[in-house]
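Worksheet for the structure shown next.
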Amino acid sequence: MSASAPGDGTLLSLNDVSKQFGGLRAVSDLHLTVRRGELRCLIGPNGAGKSTVFKLIMGFEHPTTGTITFDGADIRRWPTWRRARQGLSIKMQIPGIYPELTVHDNMRVAAQYHVDRGQMEESIERLLARVGLAGMSADLAKNLSHGQQQWLEIGMALSVNPKLLLLDEPTAGMGPGETEATARLIESLNADGVTIMVIEHDMTFVRLIARTVTVMNLGRIFAEGTIAEIEAHQGVTDIYLGRV
Amino acid sequence: MRRGASLLKAENVAFVIFLAYLVVYPSTTDEFSIGNTAYFMAISLMALSLALIWGKAGILSFGQTAFFGVGGYLYGIYTLNVIGSDATWIGILVGVLAGGLVAAVLGYFMFFGGVNDVFVGLTTLALTLVLQTFMAQTAGPEWSVGEARLNGYNGMYVPQISFGDMALYGKPLYFLYFAIMIGVYVLLRWLAGSRWGYGLLALQENRPRTETFGYNVRLMQVQVFALAGGIAALSGVLYASWGSYIDPSSMGLTAAITPVIYVAIGGRRSLTAAMISSMILLQLSQSLASSAPEYALVIFGLLALLAVLFVPEGFMVALFNVIDRWLFRRSVRDTSQGSGEVVPGRGELA
Amino acid sequence: MLNVVFNALYQFQVSFSFLLLSAIGLAVIFGMMGVINLAHGEFMMLGAYITTIAATQGVPLVLAIVIAALGVAAFGAIVEILVVRRLYGRLLDSVAATWAVGLILSQGMLILTGPSMQGVSSPFGSFTVGQTSYSWYRVLLGVISLVLLALLYLLFMNTKFGLRARATIQDPAIARALGVDTPRMYTMTFALGSALAGLAGGLFALTATIVPFFGTNYIVEAFVTVIVGGANALLGTPIAAALLGAINAALGTKYGLYIGRVGLLLTTIIIIRVLPDGISGLLERWRMRPSGARSRK
């Protein structure tokens, strides 16, 4: 269970993973590998199982079969909090900020297990500036605009110095300006060395940031490749149009 | 605390005034009032226990009186069986540890079993009633632990806290209870500002999300529940030794709900508000009981109803907020422009 | 031997109907609105008082009980509009608020009418089987509880109101979008639950002393039945009443009243832990169990 990095640069791998809910197979025979430094987009029609994959990685659900390895360790049975302390961070579809706390306290809560007391304030200031919320420390999180709340949450997800950052539809509800700003933010984070995996429906956004794209359908991986390859793939269009 | 948060706010000023008042009080009044106020301080620990569990961790427990009873009874059982100059002091420890242990076990059963929110209230209420019902039928002589007869509703006699043969009463007892109450208060204030305390605030709002930041949420719930149970047990010990008596009514339905009502009226999110307002309400309840007993509970019921409907943060907390806003000119709701409005689209990404 | 069996059946039936009648009003409100009405016991007390006052004025018993049910229904509607409505979505606060209402009611009744009131005794007398005498009235209560269940079933399944109510329980937003006046539905449901509490209070008034704390005899049992039964008032509550009634009757006969109650409470704690949605949750899961057609391929 050591955190020694395997030589081949693999950060996360799901092997032969499936997840069954009663009679429903949400995910089947999944093989997914993410290398250090990647910026991977996960796309697919509704119900393809994308969010389930994130839940399995984070530990909200445990796989029915298969193994999950992160940074050299078999995390399949680990509780969520332990995975978080190892460097897994997530921003989910449903808002995950603390509305009744201030922006500052939101950041502090997120950072406490990863930043020393002495460096806390400086770290919070730095991250708030990074996500464009400088100067708003004292505001109550619930008073922020929707877009600002999304950025706050990204800021919180960053506070844990993640090795792997999972973003589930980060631009949901954003206008084009905010979407573009978010794309730039994600790219700059990736350039700084954060491995990122993004679930998205907005293809404009995917085109802006994607290096590699994984397409899922009906609980399985349907195709993988660069954004150009995926867009040229007739089968991908088919599944989105429901022809499969 | 917030960056730059100064200590000068209504809550802290109120605490200092409260502290000063209690220190000076015994020199200004008679033996009976001193003893009576000591009793109030013993009970205010229940309010602190609830402010911790409900205010800081969002867990509504009707079971604090169960731990109160456990503390009182275990103290009695120990001190009735063990003689010695230290006996009563160790008895206090026994009572507190017993309460904390029962709370830890119940907490483990609940939180690691996924029981949360209103079901915690129901489970703890059921447990309180189990204990009360069980104790109620212990009147017969076969129900005793060593020298200590449990005695059902006849009540159990309990020795007072003493140094050797000298039982504490009057001013020494008052200041002992005072030191304990303030000690617990300071401990809780310190914990609230710690990493653990911040984690509690977070898990109160959103448990699954908090786990994703690395907090072992269920363990923390058990920890806070055990600590609150220990404090409630301490309250029971002090109560039992003050009156030399304990019986199952201290674990009944009314006893279970009363501290919740006090804290609902005063304000559960602030340890200071809970502590001060519980003592005020205890005094009020006593005054009403002698002058207009039938109306006492109606008034409390009305106050609680008004608080829940119109002032959910509690009257004293609302007062603190008002004073803070106008006198000390601090407001959490101001944006950096001070207009109190949400400023859209102001963020820019570097 | 037959006497023993009859006695056991009788004890079970008494426990069952006692639990069911106490709980059904609370269950209807909880199932529809998710609100736990801590004033439920006091609503029963109101029903008991109205029944007793009417009966001692010469009103025939049946009518007196009906009047009590209607009276408490009206009172419940007022409480819903003034208090509960402001606390939708704030479950813990509605618990505290309804508790306060109950406290005001019981203390108010104490102030108005004093510590107790002369009651009316139960009709129909008793019959004997073997060496033991049994009360006809308690048997009648058993019959009434079953009839009441049947009537409620008809109400919820066969009337327009029932249809709208079930829609609101399933999905309030969609029900509202389809034209159901949800606030009015909640008020009417709360009134129905209150009526059932008043009815139960009136029925029990003939078997207990009429004091302002009348409700405390029933409130704990009502709660545990609702918790064990879950949100489905029509199915979950009677099954829970049967289960708990059996436990209570068995333990109570063998070890006495106190242990019977302890048994009830311990069962409840275990059920909360193992079946947080109660028996209703179990039924729901059984209904949704996987069939072959559901899996994706």
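Following the order of the structure tokens, chains are lettered A, B, ..., residues in each are numbered from 1, and ligands are numbered from 1.
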
Practice task
Tell me, as a ChimeraX atom specification, which residues lie within 12 Å of region 88-101 of chain B, counting only C-alpha atoms; anything in the same chain fewer than 5 positions away does not count.
Solution key: /B:49,63-83,106-108,158-168,176,180,222-241

Residues just named, written with C-alpha atoms as a PDB file, in the first residue's frame:
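result-v2.pdb, written as the output of this step:
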ATOM      1  CA  SER B  49     -23.298  19.798  25.766  1.00  0.00           C
ATOM      2  CA  GLY B  63     -30.313  11.594  24.667  1.00  0.00           C
ATOM      3  CA  GLN B  64     -28.214  14.040  26.635  1.00  0.00           C
ATOM      4  CA  THR B  65     -30.428  13.434  29.645  1.00  0.00           C
ATOM      5  CA  ALA B  66     -29.680   9.731  29.405  1.00  0.00           C
ATOM      6  CA  PHE B  67     -25.985  10.508  29.855  1.00  0.00           C
ATOM      7  CA  PHE B  68     -26.917  12.978  32.583  1.00  0.00           C
ATOM      8  CA  GLY B  69     -28.628  10.132  34.392  1.00  0.00           C
ATOM      9  CA  VAL B  70     -25.786   7.696  33.769  1.00  0.00           C
ATOM     10  CA  GLY B  71     -23.331  10.210  35.200  1.00  0.00           C
ATOM     11  CA  GLY B  72     -25.401  10.887  38.281  1.00  0.00           C
ATOM     12  CA  TYR B  73     -26.179   7.267  39.001  1.00  0.00           C
ATOM     13  CA  LEU B  74     -22.640   5.991  38.383  1.00  0.00           C
ATOM     14  CA  TYR B  75     -21.240   8.709  40.625  1.00  0.00           C
ATOM     15  CA  GLY B  76     -23.686   7.635  43.303  1.00  0.00           C
ATOM     16  CA  ILE B  77     -22.959   3.950  42.902  1.00  0.00           C
ATOM     17  CA  TYR B  78     -19.209   4.527  43.110  1.00  0.00           C
ATOM     18  CA  THR B  79     -19.226   6.868  46.065  1.00  0.00           C
ATOM     19  CA  LEU B  80     -21.678   4.736  48.024  1.00  0.00           C
ATOM     20  CA  ASN B  81     -19.416   1.733  47.657  1.00  0.00           C
ATOM     21  CA  VAL B  82     -15.943   3.189  47.925  1.00  0.00           C
ATOM     22  CA  ILE B  83     -14.853   5.054  51.017  1.00  0.00           C
ATOM     23  CA  LEU B 106     -24.256   4.494  21.081  1.00  0.00           C
ATOM     24  CA  GLY B 107     -22.505   6.888  18.712  1.00  0.00           C
ATOM     25  CA  TYR B 108     -20.615   4.065  17.077  1.00  0.00           C
ATOM     26  CA  VAL B 158     -25.897  10.343  46.701  1.00  0.00           C
ATOM     27  CA  PRO B 159     -22.934  11.630  48.766  1.00  0.00           C
ATOM     28  CA  GLN B 160     -21.799  15.193  48.312  1.00  0.00           C
ATOM     29  CA  ILE B 161     -18.417  16.099  46.941  1.00  0.00           C
ATOM     30  CA  SER B 162     -16.000  16.252  49.857  1.00  0.00           C
ATOM     31  CA  PHE B 163     -12.433  16.610  50.957  1.00  0.00           C
ATOM     32  CA  GLY B 164     -12.164  13.595  53.214  1.00  0.00           C
ATOM     33  CA  ASP B 165     -14.991  14.082  55.712  1.00  0.00           C
ATOM     34  CA  MET B 166     -15.673  17.696  54.823  1.00  0.00           C
ATOM     35  CA  ALA B 167     -18.566  18.003  52.381  1.00  0.00           C
ATOM     36  CA  LEU B 168     -18.347  21.023  50.103  1.00  0.00           C
ATOM     37  CA  LEU B 176     -15.817  24.625  42.203  1.00  0.00           C
ATOM     38  CA  ILE B 180     -15.769  23.487  36.045  1.00  0.00           C
ATOM     39  CA  VAL B 222     -18.646   9.567  17.319  1.00  0.00           C
ATOM     40  CA  GLN B 223     -15.954  11.727  18.917  1.00  0.00           C
ATOM     41  CA  VAL B 224     -18.176  14.766  19.318  1.00  0.00           C
ATOM     42  CA  PHE B 225     -21.048  12.607  20.525  1.00  0.00           C
ATOM     43  CA  ALA B 226     -18.830  10.979  23.161  1.00  0.00           C
ATOM     44  CA  LEU B 227     -17.464  14.341  24.306  1.00  0.00           C
ATOM     45  CA  ALA B 228     -20.957  15.826  24.548  1.00  0.00           C
ATOM     46  CA  GLY B 229     -22.060  12.719  26.431  1.00  0.00           C
ATOM     47  CA  GLY B 230     -19.215  13.144  28.899  1.00  0.00           C
ATOM     48  CA  ILE B 231     -20.168  16.775  29.486  1.00  0.00           C
ATOM     49  CA  ALA B 232     -23.815  15.840  30.013  1.00  0.00           C
ATOM     50  CA  ALA B 233     -22.677  13.153  32.451  1.00  0.00           C
ATOM     51  CA  LEU B 234     -20.596  15.746  34.293  1.00  0.00           C
ATOM     52  CA  SER B 235     -23.721  17.865  34.563  1.00  0.00           C
ATOM     53  CA  GLY B 236     -25.521  14.876  36.061  1.00  0.00           C
ATOM     54  CA  VAL B 237     -22.740  14.253  38.557  1.00  0.00           C
ATOM     55  CA  LEU B 238     -22.742  17.863  39.737  1.00  0.00           C
ATOM     56  CA  TYR B 239     -26.531  17.882  39.938  1.00  0.00           C
ATOM     57  CA  ALA B 240     -26.700  14.643  41.906  1.00  0.00           C
ATOM     58  CA  SER B 241     -24.038  15.602  44.388  1.00  0.00           C
TER      59      SER B 241
END

Exercise for the section: Find the residues in chain A near chain B: any atom within 8 Å counts, using only C-alpha atoms. Write them as an MDAnalysis selection string. Expected result: chainID A and resid 58 80:85 89:90 96 98 100 102 104:105 109:113 121 129:136 138:140 143:145 147:148 160 181 185

Handout entry: Nearest residue to Thr214 (chain A) from the set A:Pro99, A:Gly9, A:Gly44, A:Gly37 (distances using only C-alpha atoms)
Key =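 Of the candidates, the smallest distance to Thr214 (chain A) is held by A:Gly44.
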
Problem - Test item: chain A residues at most 8 Å from chain C, counting only C-alpha atoms, as a PyMOL selection string - result: chain A and resi 22-25+218

Would you export the selected residues with N, CA and C atoms as a PDB file, in the first residue's frame, please?
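The file below, out35.pdb, is the result:
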ATOM      1  N   GLY A  22     -28.472  -3.536  -8.037  1.00  0.00           N
ATOM      2  CA  GLY A  22     -29.650  -4.384  -8.187  1.00  0.00           C
ATOM      3  C   GLY A  22     -29.624  -5.012  -9.560  1.00  0.00           C
ATOM      4  N   GLY A  23     -30.600  -4.715 -10.381  1.00  0.00           N
ATOM      5  CA  GLY A  23     -30.638  -5.315 -11.702  1.00  0.00           C
ATOM      6  C   GLY A  23     -29.963  -4.463 -12.761  1.00  0.00           C
ATOM      7  N   LEU A  24     -29.412  -3.348 -12.330  1.00  0.00           N
ATOM      8  CA  LEU A  24     -28.894  -2.384 -13.306  1.00  0.00           C
ATOM      9  C   LEU A  24     -27.371  -2.438 -13.339  1.00  0.00           C
ATOM     10  N   ARG A  25     -26.831  -2.683 -14.517  1.00  0.00           N
ATOM     11  CA  ARG A  25     -25.380  -2.654 -14.686  1.00  0.00           C
ATOM     12  C   ARG A  25     -24.969  -1.266 -15.114  1.00  0.00           C
ATOM     13  N   LEU A 218     -23.499   3.159 -22.511  1.00  0.00           N
ATOM     14  CA  LEU A 218     -24.111   1.989 -21.884  1.00  0.00           C
ATOM     15  C   LEU A 218     -23.151   1.289 -20.914  1.00  0.00           C
TER      16      LEU A 218
END

Exercise for the section: Tell me the residues of chain B close to chain C, meaning within 6 Å using only C-alpha atoms, as a PyMOL selection string. Expected result: chain B and resi 123+126+130+298+301+305

Which residues of region 271-324 of chain B come within 9 Å of region 38-41 of chain B, and what is each one's closest atom pair and distance in Å (one decimal), counting only C-alpha atoms, sorted by chain and residue number, as CSV?
residue,atom,partner,partner_atom,distance
B:Met275,CA,B:Met41,CA,8.7
B:Ser278,CA,B:Phe40,CA,8.2
B:Met279,CA,B:Phe40,CA,5.8
B:Ile280,CA,B:Phe40,CA,8.9
B:Leu282,CA,B:Phe40,CA,6.6
B:Gln283,CA,B:Phe40,CA,7.8

Let's have the selection written as a PDB file, in the first residue's frame, with N, CA and C atoms.
ATOM      1  N   MET B 275     -24.740  29.007  27.081  1.00  0.00           N
ATOM      2  CA  MET B 275     -24.401  28.977  28.505  1.00  0.00           C
ATOM      3  C   MET B 275     -25.137  30.079  29.264  1.00  0.00           C
ATOM      4  N   SER B 278     -29.081  29.784  29.136  1.00  0.00           N
ATOM      5  CA  SER B 278     -29.647  28.678  29.920  1.00  0.00           C
ATOM      6  C   SER B 278     -29.736  29.072  31.382  1.00  0.00           C
ATOM      7  N   MET B 279     -28.748  29.821  31.869  1.00  0.00           N
ATOM      8  CA  MET B 279     -28.820  30.233  33.264  1.00  0.00           C
ATOM      9  C   MET B 279     -29.938  31.251  33.476  1.00  0.00           C
ATOM     10  N   ILE B 280     -30.098  32.144  32.510  1.00  0.00           N
ATOM     11  CA  ILE B 280     -31.192  33.110  32.615  1.00  0.00           C
ATOM     12  C   ILE B 280     -32.534  32.388  32.596  1.00  0.00           C
ATOM     13  N   LEU B 282     -33.196  29.283  33.354  1.00  0.00           N
ATOM     14  CA  LEU B 282     -33.391  28.503  34.583  1.00  0.00           C
ATOM     15  C   LEU B 282     -33.911  29.399  35.698  1.00  0.00           C
ATOM     16  N   GLN B 283     -33.327  30.594  35.794  1.00  0.00           N
ATOM     17  CA  GLN B 283     -33.775  31.549  36.812  1.00  0.00           C
ATOM     18  C   GLN B 283     -35.226  31.921  36.545  1.00  0.00           C
TER      19      GLN B 283
END
